[in-house]
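Data first, discussion second: the structure below is written as structure tokens.
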Amino acid sequence: MRNAGDVVLSARRLVTTFDTPSGRLRAVDGLDLHLRLGEVVCLVGESGSGKSVTGLSLMGLIDPPGHVTCDEFWFDGHDLTTLPESEMERLRGRRIAMIFQEPLSALNPSRRVGDQIAEVLRIHGLASRAEATRRAVELLGRVGIDDAQLRARSYPHQLSGGQRQRVTIAIACIGSPRLIIADEPTTALDVTVQTQILDLLTEMQTSLGSALLFITHDLGIVAELADRVVVLYAGQVVEEAAVEDLYRTPGHPYTVGLLASVPDVDAPRKRGVALAAIPGTVPNLLEVGTGCRFRERCDRAHDRCGAEPPMITLSEGHRVRCWLYAGR
Amino acid sequence: MHVTAGPWAAAVYLTVVVILAVFADILSPRDPLAIDPNNILASPSAENLLGTDELGRDLLARIIHGGRVSLEVAVSAIVLASAIGIPLGIGIAFSGRRVETFAMRVIDVFVSLPEIFVAIVILGFAGGGLTTLIGTIGILFFPQFARVAYGMARSIRAREHVLCAVSLGAGTAWIIRKEILPNMMSVIAVQASFTLSFAMLMEAGLSFLGLGVPPPTPSWGQMIGGLKNYIFINAWPVVVPSVVLFAAVLSVNVLGDWLQDRLNPELRR
Amino acid sequence: MLGRPLKVVRAVDGVDISVRPGSTLALVGESGSGKSTLGRCVARLDTPTGGTVHFSGKDVLAAHGAALGQFRREVQTIFQDPFSSLNPRRTIGDAIGDGPTIHGLMPKDAIRDLVQQLLTRVGLRPDHADRYPHEFSGGQRQRIAIARALALAPKFIIADEAVSSLDVSIRAQILNLLLDIQAERGLSFLFISHDLGVVRHVADDVAIMQAGKIVERGPVDQIFTDPREAYTKALLHAVPRATLGRRHRDGVVARTSMSTTRPIS
């Protein structure tokens, strides 16, 4: 494991709610998150777990009817709970950058990609008008786009999905961000292209020395990429661990079930043996009461699971929200 | 569902207009055709609540009866336009590629015709009257319905639930009835509400020009057309039908907008 | 002005596949490989410009009338997107009963009974029949799609990325359901997927497609343990494993050889 650097982001009790016609929905419910420079943290969860909302909340991109509160929220020496929106705008895109799943919607369809990169360079005051175009081509080359000179003159729809994601990575890295938040950046891509984009992302992150918060549902990517893993279920962190601990000794029954549900490419098919699956479905966030949110689907559920489970530290950096480990 | 004041006001206004129009014979305070030579172009009074026109006829009575004509023409024309346009549009969407391209070009030509000019030509030859007016406006507006129905049918047809039905063995008639039509009705409703306001204006315009319902039967446009000549004697009588018409068209548009926001999931916040 | 000539793209080109009764053939490929187009040709939802499709010894492309009706009853497709594969304006009971209704196979009461049986079989409740699709989650909708396909008691099911949009834990449930039903009813499957983990778990035979052509085919274990073609090897290599065996962060160098195989993108 590499040496962890300084804490760049620290959030305590992050809560993001949405007011819907049928009531207040707590999409993220009391999330603690600490990210260090040079570290890759994977935020894992299925749909409805709140993983994407977490990313947007950290970016300050939640609009009404959504609402974010946080007991403590420090980023790179700034207290974001008191920071005015104008200051936040300066941080966003520069010190914190975000990469989305669908690069086509993150890019302006009617402008050449070179011009889009050049514009970001100028906004951040990193290049003069004359210089910006040349720098844009240089950046395209750096993110592995062949014929950068020619490609800079392309419109987004003329590029392949992988190339488009390379462009958004180039744009994200312009301001030398201290933190990159990537929300399922490879989900829309083919598996062979995915590998290239993951390589590029980690390469950029390593050279910038920034923290990478990688949001995904793919446990394969997590195994290959993460230093630390945060598992979300129904808006709450259910487990947090170094990647080795999580895969060797998963604590939460949900994590255990999730890991078992992934069909193994390298193991032959066992005929007549069912694939391990977690029964049931994710609870409706408008209907969760107190107690463990996974208990309906859990094969180890117990009476006490009706009460809010405590977050228990199993070993250094390995925390689990489950009654199974209480009183050990 | 939260409804703001605008749509509410529009709905109330239109409801009143519709009720007055439908029950005009009972609710109208006076005979809209009764002439009173001693009381022409009068401003409102206890006798004539909205004043009188150039022949001394009660304006309130004429507005109520005129609303009946205006609504009858506009609504019938829309029914006619959708009855021709929707089946045509769906039919084109399900025809072959060649027919499709050709038919849509023809429809485009129709849509781009200057409506009022065509209406004048048709009515000039065929003469005014309720039926010809409805027929003319209906024919002018059916291409728009055909276009919307065509576009919707094509996009719905590409959805997987339609492919599913095909793979279950469903025929074209089944697919149109069960899969296509129910999914396009909301868009058609929005289209109809916008076209309705155009049809009301068109009726008013044609009647204004003397090509609509023949006198003495009142319609709003015809009243405006007649009373405009006396605007310098007394402006009041011409203002009354103008404001009533303006408010009706505005209300239909406001409700159409509201309906569009409500029915279109992409515009729903 | 009318009828510009269409640009002809060969989405599928000279492909040859066959599925043995009661077995599963997995068709694997990346986006644009033509695997879905091939699936639709087999289901006769698209018509190929050439070639033949035979089902139970009969020529599918030439079938019409009663023969086509028979084919539609025996071959069903389950699509990828459980949100667009159900008509939002109709109840799921109606949707599941569509097949028997269209073919006029049984009276209304019998269809109603069948729908309830099928709902139970796919793990839903009989009273769900009166609800609309938006009341269900993605996994539940895929169960509904399966029930719908089963209503005509087909012999052959084409599953076009049928589990790709589902969450990991739900995906396993749906795969188990499909495999159980296959065993129960002796169905043949054409399983179209880009997910090699899933394919390894469900397939008997595998065909790898690239740019409209099949580059390799064989029994599942042979393809996964002893692939012959470079493309198959590259695909297998690129799958992220949910184990710590091959750490990316420690092994960037080991994998850079992969990222230089550009032509694939």
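Every chain in the structure tokens has a letter given in the order shown (A, B, ...), and although residue numbers restart at 1 in each chain, ligands are simply numbered from 1 in the order shown.
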Could you give me, as a Markdown table, every chain A residue with an atom at most 12 Å from chain B, plus its closest atom pair and distance in Å to one decimal, counting only C-alpha atoms, rows ordered by chain then number?
```
| residue | atom | partner | partner_atom | distance |
| --- | --- | --- | --- | --- |
| A:Thr20 | CA | B:Arg269 | CA | 10.7 |
| A:Pro21 | CA | B:Met1 | CA | 8.2 |
| A:Ser22 | CA | B:Met1 | CA | 11.1 |
| A:Asp63 | CA | B:Arg269 | CA | 11.5 |
| A:Pro64 | CA | B:Arg269 | CA | 10.3 |
| A:Pro65 | CA | B:Arg269 | CA | 9.5 |
```
Using DSSP on the backbone coordinates, identify the residues of stretch 96-220 of chain B assigned to helix (DSSP H, G or I); present them as a VMD selection string. chain B and resid 97 to 112 115 to 126 130 to 157 160 to 168 172 to 208 220
Residues within 12 Å of A:Val120, only C-alpha atoms, excluding chain neighbours under 5 positions, as a list in words: Gly93, Arg94, Leu107, Val113, Gly114, Asp115, Gly125, Leu126, Ala127, Ser128, Arg129, Ala132, Thr133, Arg135, Ala136, Leu139, Thr168, Ala170, Ile171, Ala172, Cys173, Ile174 and Gly175 of chain A
Which is closest to chain B among C:Arg241, C:His194, C:Arg72, C:His128, if we use only C-alpha atoms?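 Looking at the shortest contact to chain B, the residue is C:Arg72.
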Find, counting only C-alpha atoms, the residue in C:Gly57, C:Gly29, C:Pro21, C:Gly50 that gets nearest to chain A.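 Of C:Gly57, C:Gly29, C:Pro21, C:Gly50, the one nearest chain A, counting only C-alpha atoms, is C:Gly29.
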Residue among C:Leu244, C:Ile157, C:Ala62, C:Val122 lying closest to chain B, counting only C-alpha atoms: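 Among C:Leu244, C:Ile157, C:Ala62, C:Val122, it is C:Ile157 that comes nearest to chain B.
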Within 7 Å of chain B: residues of chain C, using only C-alpha atoms, as a count of residues only: 15
Residue contacts of stretch 46-50 of chain A (9 Å, only C-alpha atoms) excluding same-chain residues fewer than 3 positions away, as a ChimeraX atom specification: /A:26-29,53-55,216-217,232-236,282-285 /C:166-169
Let me see the file: selected residues, all heavy atoms, as a compact mmCIF listing (two decimals), in the first residue's frame.
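The resulting file, result_2.txt, is shown below:
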```txt
# COMPACT_ATOMS: atom_id res chain seq x y z
N ARG A 26 -34.34 11.04 1.97
CA ARG A 26 -32.94 11.21 2.38
C ARG A 26 -32.06 10.35 1.49
O ARG A 26 -31.88 9.17 1.76
CB ARG A 26 -32.77 10.84 3.85
CG ARG A 26 -33.49 11.81 4.80
CD ARG A 26 -33.56 11.24 6.20
NE ARG A 26 -32.34 11.47 6.97
CZ ARG A 26 -32.13 12.57 7.68
NH1 ARG A 26 -33.02 13.52 7.72
NH2 ARG A 26 -31.01 12.71 8.36
N ALA A 27 -31.54 10.93 0.42
CA ALA A 27 -30.76 10.16 -0.56
C ALA A 27 -29.40 9.79 0.00
O ALA A 27 -28.88 8.72 -0.27
CB ALA A 27 -30.61 10.97 -1.84
N VAL A 28 -28.82 10.71 0.76
CA VAL A 28 -27.57 10.41 1.47
C VAL A 28 -27.85 10.74 2.92
O VAL A 28 -28.35 11.81 3.23
CB VAL A 28 -26.40 11.27 0.95
CG1 VAL A 28 -25.13 10.94 1.71
CG2 VAL A 28 -26.20 11.06 -0.54
N ASP A 29 -27.53 9.79 3.80
CA ASP A 29 -27.98 9.93 5.17
C ASP A 29 -26.82 9.76 6.16
O ASP A 29 -26.55 8.67 6.63
CB ASP A 29 -29.08 8.90 5.43
CG ASP A 29 -29.90 9.24 6.66
OD1 ASP A 29 -29.57 10.23 7.33
OD2 ASP A 29 -30.86 8.51 6.94
N VAL A 53 -25.46 10.84 -5.96
CA VAL A 53 -25.88 12.04 -5.22
C VAL A 53 -24.74 12.50 -4.32
O VAL A 53 -24.50 13.70 -4.14
CB VAL A 53 -27.16 11.77 -4.42
CG1 VAL A 53 -27.54 12.98 -3.58
CG2 VAL A 53 -28.30 11.40 -5.34
N THR A 54 -24.01 11.55 -3.73
CA THR A 54 -22.87 11.91 -2.90
C THR A 54 -21.86 12.72 -3.70
O THR A 54 -21.39 13.77 -3.27
CB THR A 54 -22.18 10.64 -2.34
OG1 THR A 54 -23.15 9.90 -1.62
CG2 THR A 54 -21.04 10.99 -1.44
N GLY A 55 -21.53 12.23 -4.90
CA GLY A 55 -20.58 12.94 -5.75
C GLY A 55 -21.05 14.35 -6.05
O GLY A 55 -20.29 15.31 -5.92
N THR A 216 -18.71 3.79 -8.55
CA THR A 216 -18.97 2.67 -9.47
C THR A 216 -19.87 1.62 -8.84
O THR A 216 -20.07 1.59 -7.63
CB THR A 216 -17.65 2.01 -9.92
OG1 THR A 216 -17.93 0.99 -10.87
CG2 THR A 216 -16.92 1.40 -8.74
N HIS A 217 -20.44 0.77 -9.69
CA HIS A 217 -21.18 -0.39 -9.19
C HIS A 217 -20.39 -1.65 -9.49
O HIS A 217 -20.81 -2.75 -9.14
CB HIS A 217 -22.54 -0.47 -9.87
CG HIS A 217 -22.42 -0.80 -11.32
ND1 HIS A 217 -22.13 0.15 -12.28
CD2 HIS A 217 -22.48 -1.98 -11.97
CE1 HIS A 217 -22.04 -0.45 -13.45
NE2 HIS A 217 -22.24 -1.72 -13.30
N LEU A 232 -21.88 1.73 -0.05
CA LEU A 232 -23.11 2.42 0.31
C LEU A 232 -24.30 1.50 0.11
O LEU A 232 -24.35 0.73 -0.85
CB LEU A 232 -23.31 3.63 -0.60
CG LEU A 232 -22.51 4.90 -0.34
CD1 LEU A 232 -22.88 5.94 -1.37
CD2 LEU A 232 -22.81 5.43 1.05
N TYR A 233 -25.27 1.60 1.02
CA TYR A 233 -26.52 0.89 0.82
C TYR A 233 -27.65 1.78 1.29
O TYR A 233 -27.64 2.24 2.45
CB TYR A 233 -26.54 -0.45 1.56
CG TYR A 233 -27.77 -1.27 1.26
CD1 TYR A 233 -27.84 -1.97 0.06
CD2 TYR A 233 -28.86 -1.29 2.12
CE1 TYR A 233 -28.98 -2.70 -0.26
CE2 TYR A 233 -30.00 -2.02 1.80
CZ TYR A 233 -30.04 -2.72 0.62
OH TYR A 233 -31.17 -3.44 0.28
N ALA A 234 -28.60 2.06 0.44
CA ALA A 234 -29.78 2.87 0.77
C ALA A 234 -29.40 4.17 1.49
O ALA A 234 -30.01 4.54 2.47
CB ALA A 234 -30.76 2.05 1.61
N GLY A 235 -28.37 4.84 0.97
CA GLY A 235 -28.03 6.16 1.47
C GLY A 235 -27.06 6.17 2.64
O GLY A 235 -26.66 7.23 3.11
N GLN A 236 -26.69 4.99 3.14
CA GLN A 236 -25.77 4.95 4.28
C GLN A 236 -24.51 4.17 3.94
O GLN A 236 -24.54 3.24 3.14
CB GLN A 236 -26.45 4.26 5.47
CG GLN A 236 -27.57 5.07 6.08
CD GLN A 236 -28.21 4.35 7.24
OE1 GLN A 236 -28.25 3.12 7.27
NE2 GLN A 236 -28.71 5.11 8.19
N VAL A 282 -33.89 -3.26 -3.19
CA VAL A 282 -33.48 -2.12 -2.38
C VAL A 282 -34.73 -1.45 -1.81
O VAL A 282 -35.72 -1.28 -2.52
CB VAL A 282 -32.71 -1.12 -3.26
CG1 VAL A 282 -32.30 0.11 -2.48
CG2 VAL A 282 -31.50 -1.79 -3.87
N PRO A 283 -34.74 -1.08 -0.51
CA PRO A 283 -35.94 -0.47 0.06
C PRO A 283 -36.20 0.90 -0.54
O PRO A 283 -35.29 1.58 -0.99
CB PRO A 283 -35.60 -0.36 1.55
CG PRO A 283 -34.11 -0.30 1.60
CD PRO A 283 -33.64 -1.15 0.46
N ASN A 284 -37.47 1.28 -0.55
CA ASN A 284 -37.86 2.62 -0.96
C ASN A 284 -37.40 3.60 0.12
O ASN A 284 -37.77 3.48 1.27
CB ASN A 284 -39.38 2.65 -1.11
CG ASN A 284 -39.87 4.01 -1.57
OD1 ASN A 284 -39.12 4.99 -1.55
ND2 ASN A 284 -41.10 4.04 -1.99
N LEU A 285 -36.59 4.58 -0.30
CA LEU A 285 -36.00 5.49 0.68
C LEU A 285 -37.04 6.34 1.40
O LEU A 285 -36.78 6.91 2.45
CB LEU A 285 -34.98 6.41 -0.01
CG LEU A 285 -33.65 5.75 -0.35
CD1 LEU A 285 -32.74 6.70 -1.08
CD2 LEU A 285 -32.97 5.23 0.91
N LEU C 166 -29.27 -4.39 -15.09
CA LEU C 166 -29.67 -4.64 -13.70
C LEU C 166 -28.50 -4.54 -12.73
O LEU C 166 -27.35 -4.77 -13.09
CB LEU C 166 -30.30 -6.03 -13.59
CG LEU C 166 -31.50 -6.29 -14.52
CD1 LEU C 166 -31.96 -7.73 -14.39
CD2 LEU C 166 -32.64 -5.34 -14.22
N ASP C 167 -28.82 -4.22 -11.49
CA ASP C 167 -27.80 -4.19 -10.45
C ASP C 167 -27.26 -5.59 -10.19
O ASP C 167 -27.96 -6.58 -10.40
CB ASP C 167 -28.41 -3.65 -9.15
CG ASP C 167 -28.44 -2.14 -9.15
OD1 ASP C 167 -27.50 -1.54 -9.69
OD2 ASP C 167 -29.40 -1.58 -8.63
N VAL C 168 -26.02 -5.62 -9.68
CA VAL C 168 -25.35 -6.90 -9.47
C VAL C 168 -26.20 -7.91 -8.71
O VAL C 168 -26.38 -9.05 -9.15
CB VAL C 168 -24.02 -6.67 -8.70
CG1 VAL C 168 -23.29 -7.98 -8.52
CG2 VAL C 168 -23.17 -5.67 -9.44
N SER C 169 -26.76 -7.48 -7.57
CA SER C 169 -27.46 -8.45 -6.73
C SER C 169 -28.76 -8.91 -7.40
O SER C 169 -29.19 -10.05 -7.25
CB SER C 169 -27.74 -7.86 -5.35
OG SER C 169 -28.67 -6.81 -5.45
```
Of the residues A:Leu286, A:Ile145, A:Ile181, A:Cys305, which is the one nearest to chain C, using only C-alpha atoms?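 Ranking A:Leu286, A:Ile145, A:Ile181, A:Cys305 by distance to chain C, first place goes to A:Ile145.
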Counting only C-alpha atoms, what is within 9 Å of A:Ile169, bar same-chain residues fewer than 2 positions away, as a compact mmCIF listing (two decimals) with N, CA, C and O atoms, in the first residue's frame?
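Written output follows (out04.txt):
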```txt
# COMPACT_ATOMS: atom_id res chain seq x y z
N MET A 98 -14.94 17.06 -11.88
CA MET A 98 -15.82 15.90 -11.95
C MET A 98 -15.88 15.35 -13.37
O MET A 98 -15.89 16.10 -14.34
N ILE A 99 -15.91 14.03 -13.45
CA ILE A 99 -16.03 13.35 -14.75
C ILE A 99 -17.29 12.50 -14.69
O ILE A 99 -17.49 11.75 -13.73
N VAL A 143 -3.62 13.10 -23.25
CA VAL A 143 -4.60 12.11 -22.82
C VAL A 143 -4.73 10.99 -23.85
O VAL A 143 -5.70 10.23 -23.82
N ARG A 164 -14.08 10.63 -26.44
CA ARG A 164 -14.82 11.70 -25.76
C ARG A 164 -14.49 11.71 -24.27
O ARG A 164 -14.31 12.76 -23.67
N GLN A 165 -14.41 10.50 -23.68
CA GLN A 165 -14.09 10.45 -22.26
C GLN A 165 -12.66 10.95 -22.04
O GLN A 165 -12.39 11.59 -21.03
N ARG A 166 -11.77 10.70 -22.98
CA ARG A 166 -10.41 11.25 -22.87
C ARG A 166 -10.46 12.78 -22.86
O ARG A 166 -9.73 13.43 -22.10
N VAL A 167 -11.31 13.35 -23.70
CA VAL A 167 -11.43 14.81 -23.74
C VAL A 167 -11.93 15.35 -22.40
O VAL A 167 -11.38 16.31 -21.87
N ILE A 171 -10.08 17.97 -19.85
CA ILE A 171 -10.68 19.20 -19.31
C ILE A 171 -10.65 19.19 -17.79
O ILE A 171 -10.31 20.19 -17.15
N ALA A 172 -10.96 18.02 -17.19
CA ALA A 172 -10.99 17.92 -15.74
C ALA A 172 -9.62 18.20 -15.13
O ALA A 172 -9.51 18.75 -14.04
N CYS A 173 -8.56 17.80 -15.85
CA CYS A 173 -7.22 17.89 -15.26
C CYS A 173 -6.56 19.25 -15.50
O CYS A 173 -5.47 19.50 -14.99
N ILE A 174 -7.21 20.14 -16.26
CA ILE A 174 -6.60 21.41 -16.61
C ILE A 174 -6.18 22.22 -15.39
O ILE A 174 -5.08 22.74 -15.30
N LEU A 200 -5.66 5.64 -18.07
CA LEU A 200 -5.43 7.07 -18.24
C LEU A 200 -5.78 7.84 -16.96
O LEU A 200 -5.01 8.70 -16.51
N LEU A 201 -6.93 7.48 -16.38
CA LEU A 201 -7.37 8.20 -15.18
C LEU A 201 -6.36 8.07 -14.05
O LEU A 201 -5.98 9.06 -13.42
N MET A 204 -3.17 10.04 -14.78
CA MET A 204 -3.33 11.47 -14.55
C MET A 204 -3.36 11.77 -13.06
O MET A 204 -2.73 12.70 -12.58
```
By how many Å are atom CA of B:Ala83 and atom CA of B:Trp220 apart? 26.1 Å
Give me the chain A side of the contact with chain C, cut-off 9 Å, one line per residue showing its nearest atom pair and distance in Å at one decimal, counting only C-alpha atoms, sorted by chain and residue number, as CSV.
```
residue,atom,partner,partner_atom,distance
A:Glu46,CA,C:Asp167,CA,5.8
A:Ser47,CA,C:Asp167,CA,6.8
A:Ser160,CA,C:Ser265,CA,7.7
A:Gly161,CA,C:Ser265,CA,8.7
A:Gly162,CA,C:Ser265,CA,7.1
A:Gln163,CA,C:Ser265,CA,8.7
A:Leu189,CA,C:Ser31,CA,8.5
A:Asp190,CA,C:Glu30,CA,5.9
A:Val191,CA,C:Ala238,CA,6.0
A:Thr192,CA,C:Ala238,CA,5.4
A:Val193,CA,C:Ser265,CA,5.8
A:Gln194,CA,C:Ala238,CA,8.0
A:Thr195,CA,C:Ala238,CA,6.2
A:Gln196,CA,C:Ser259,CA,5.0
A:Ile197,CA,C:Ser259,CA,8.6
A:Leu198,CA,C:His248,CA,9.0
A:Asp199,CA,C:Val252,CA,7.0
A:Thr202,CA,C:Arg249,CA,7.8
A:Glu203,CA,C:Val252,CA,8.6
A:His217,CA,C:Val168,CA,7.7
A:Asp218,CA,C:Val168,CA,8.1
A:Leu219,CA,C:Ala242,CA,5.2
A:Gly220,CA,C:Ala242,CA,3.8
A:Ile221,CA,C:Pro240,CA,5.5
A:Val222,CA,C:Ala242,CA,7.4
A:Ala223,CA,C:Ala242,CA,5.5
A:Glu224,CA,C:His248,CA,4.4
A:Leu225,CA,C:His248,CA,5.6
A:Ala226,CA,C:Arg249,CA,7.8
A:Asp227,CA,C:Arg249,CA,8.5
A:Val243,CA,C:Leu244,CA,8.4
A:Glu244,CA,C:Leu244,CA,7.1
A:Tyr247,CA,C:Thr243,CA,6.8
A:Arg248,CA,C:Leu244,CA,8.4
A:Gly257,CA,C:Ser169,CA,7.5
A:Leu258,CA,C:Ser169,CA,6.0
A:Leu259,CA,C:Ala242,CA,7.4
A:Ala260,CA,C:Ser169,CA,8.8
A:Ser261,CA,C:Ser169,CA,5.7
A:Val262,CA,C:Val168,CA,6.6
A:Pro263,CA,C:Gly197,CA,5.0
A:Asp264,CA,C:Gly197,CA,5.4
A:Val265,CA,C:Gly197,CA,4.3
A:Asp266,CA,C:Phe224,CA,7.5
A:Ala267,CA,C:Arg200,CA,8.0
A:Pro268,CA,C:Asp221,CA,6.6
A:Arg269,CA,C:His201,CA,5.0
A:Lys270,CA,C:His201,CA,7.6
A:Arg271,CA,C:His201,CA,8.6
A:Gly272,CA,C:Asp180,CA,8.6
A:Ala274,CA,C:Asn176,CA,5.9
A:Leu275,CA,C:Ala172,CA,6.1
A:Ala276,CA,C:Ala172,CA,6.7
A:Ala277,CA,C:Ala172,CA,5.0
A:Ile278,CA,C:Ser169,CA,5.3
A:Pro279,CA,C:Gln173,CA,7.1
A:Gly280,CA,C:Ile170,CA,8.0
A:Thr281,CA,C:Ile170,CA,7.4
```
Would you list the contacts of A:Leu37 as a list in words, taking every protein, DNA or RNA residue within 10 Å and counting only C-alpha atoms, but skipping same-chain residues closer than 5 positions in sequence?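 Residues meeting the cut-off are Asn3, Ala4, Gly5, Asp6, Val7, Val8, Leu9, Asp76, Arg178, Leu179, Gln205, Thr206, Leu208, Gly209, Ser210, Ala211 and Leu212 of chain A.
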May I have the selected residues written with N, CA, C and O atoms, as an mmCIF file, in the first residue's frame?
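The file below, selection22.cif, is the result:
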```
data_model
loop_
_atom_site.group_PDB
_atom_site.id
_atom_site.type_symbol
_atom_site.label_atom_id
_atom_site.label_comp_id
_atom_site.auth_asym_id
_atom_site.auth_seq_id
_atom_site.Cartn_x
_atom_site.Cartn_y
_atom_site.Cartn_z
ATOM 1 N N ASN A 3 1.977 5.205 0.546
ATOM 2 C CA ASN A 3 1.826 6.109 1.679
ATOM 3 C C ASN A 3 0.693 7.086 1.417
ATOM 4 O O ASN A 3 0.612 7.669 0.345
ATOM 5 N N ALA A 4 -0.155 7.235 2.407
ATOM 6 C CA ALA A 4 -1.253 8.174 2.253
ATOM 7 C C ALA A 4 -0.766 9.585 2.553
ATOM 8 O O ALA A 4 0.037 9.800 3.455
ATOM 9 N N GLY A 5 -1.230 10.536 1.765
ATOM 10 C CA GLY A 5 -0.811 11.923 1.945
ATOM 11 C C GLY A 5 -1.748 12.679 2.865
ATOM 12 O O GLY A 5 -2.462 12.093 3.674
ATOM 13 N N ASP A 6 -1.735 14.006 2.715
ATOM 14 C CA ASP A 6 -2.574 14.861 3.550
ATOM 15 C C ASP A 6 -4.041 14.672 3.217
ATOM 16 O O ASP A 6 -4.394 14.377 2.083
ATOM 17 N N VAL A 7 -4.880 14.910 4.245
ATOM 18 C CA VAL A 7 -6.318 14.861 4.001
ATOM 19 C C VAL A 7 -6.697 16.060 3.137
ATOM 20 O O VAL A 7 -6.364 17.198 3.447
ATOM 21 N N VAL A 8 -7.343 15.813 2.009
ATOM 22 C CA VAL A 8 -7.728 16.913 1.130
ATOM 23 C C VAL A 8 -9.212 17.236 1.283
ATOM 24 O O VAL A 8 -9.624 18.374 1.136
ATOM 25 N N LEU A 9 -9.984 16.206 1.606
ATOM 26 C CA LEU A 9 -11.408 16.452 1.817
ATOM 27 C C LEU A 9 -11.872 15.695 3.036
ATOM 28 O O LEU A 9 -11.485 14.543 3.252
ATOM 29 N N ASP A 76 -9.329 21.110 1.219
ATOM 30 C CA ASP A 76 -8.083 21.793 0.898
ATOM 31 C C ASP A 76 -7.918 23.077 1.717
ATOM 32 O O ASP A 76 -7.546 24.124 1.174
ATOM 33 N N ARG A 178 -7.062 19.016 -6.960
ATOM 34 C CA ARG A 178 -6.595 18.245 -5.804
ATOM 35 C C ARG A 178 -7.478 17.011 -5.631
ATOM 36 O O ARG A 178 -7.070 16.047 -5.018
ATOM 37 N N LEU A 179 -8.694 17.111 -6.143
ATOM 38 C CA LEU A 179 -9.619 15.988 -6.034
ATOM 39 C C LEU A 179 -10.352 15.803 -7.363
ATOM 40 O O LEU A 179 -10.878 16.762 -7.921
ATOM 41 N N GLN A 205 -4.088 10.933 -12.318
ATOM 42 C CA GLN A 205 -4.232 11.155 -10.884
ATOM 43 C C GLN A 205 -2.872 11.033 -10.198
ATOM 44 O O GLN A 205 -2.527 11.834 -9.345
ATOM 45 N N THR A 206 -2.094 10.024 -10.607
ATOM 46 C CA THR A 206 -0.789 9.828 -9.998
ATOM 47 C C THR A 206 0.120 11.006 -10.308
ATOM 48 O O THR A 206 0.806 11.528 -9.427
ATOM 49 N N LEU A 208 -0.681 14.046 -11.026
ATOM 50 C CA LEU A 208 -1.110 15.273 -10.356
ATOM 51 C C LEU A 208 -0.999 15.153 -8.841
ATOM 52 O O LEU A 208 -1.055 16.142 -8.130
ATOM 53 N N GLY A 209 -0.878 13.929 -8.352
ATOM 54 C CA GLY A 209 -0.824 13.711 -6.905
ATOM 55 C C GLY A 209 -2.133 14.018 -6.218
ATOM 56 O O GLY A 209 -2.182 14.317 -5.030
ATOM 57 N N SER A 210 -3.251 13.963 -6.958
ATOM 58 C CA SER A 210 -4.539 14.327 -6.372
ATOM 59 C C SER A 210 -5.244 13.093 -5.811
ATOM 60 O O SER A 210 -4.775 11.972 -5.976
ATOM 61 N N ALA A 211 -6.350 13.334 -5.141
ATOM 62 C CA ALA A 211 -7.179 12.226 -4.667
ATOM 63 C C ALA A 211 -8.191 11.905 -5.753
ATOM 64 O O ALA A 211 -8.629 12.801 -6.477
ATOM 65 N N LEU A 212 -8.542 10.624 -5.876
ATOM 66 C CA LEU A 212 -9.556 10.222 -6.856
ATOM 67 C C LEU A 212 -10.695 9.516 -6.128
ATOM 68 O O LEU A 212 -10.480 8.511 -5.453
#
```
How many Å separate atom CA of A:Ala307 from atom CA of A:Glu239?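 Answer for the atom CA of A:Ala307 to atom CA of A:Glu239 separation: 17.6 Å.
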Spatial neighbours of C:Thr37, 12 Å, only C-alpha atoms, chain gap at least 4 places, as a PyMOL selection string: chain C and resi 9-13+15+27+29+31-33+41-48+158+160+192+209+211-213
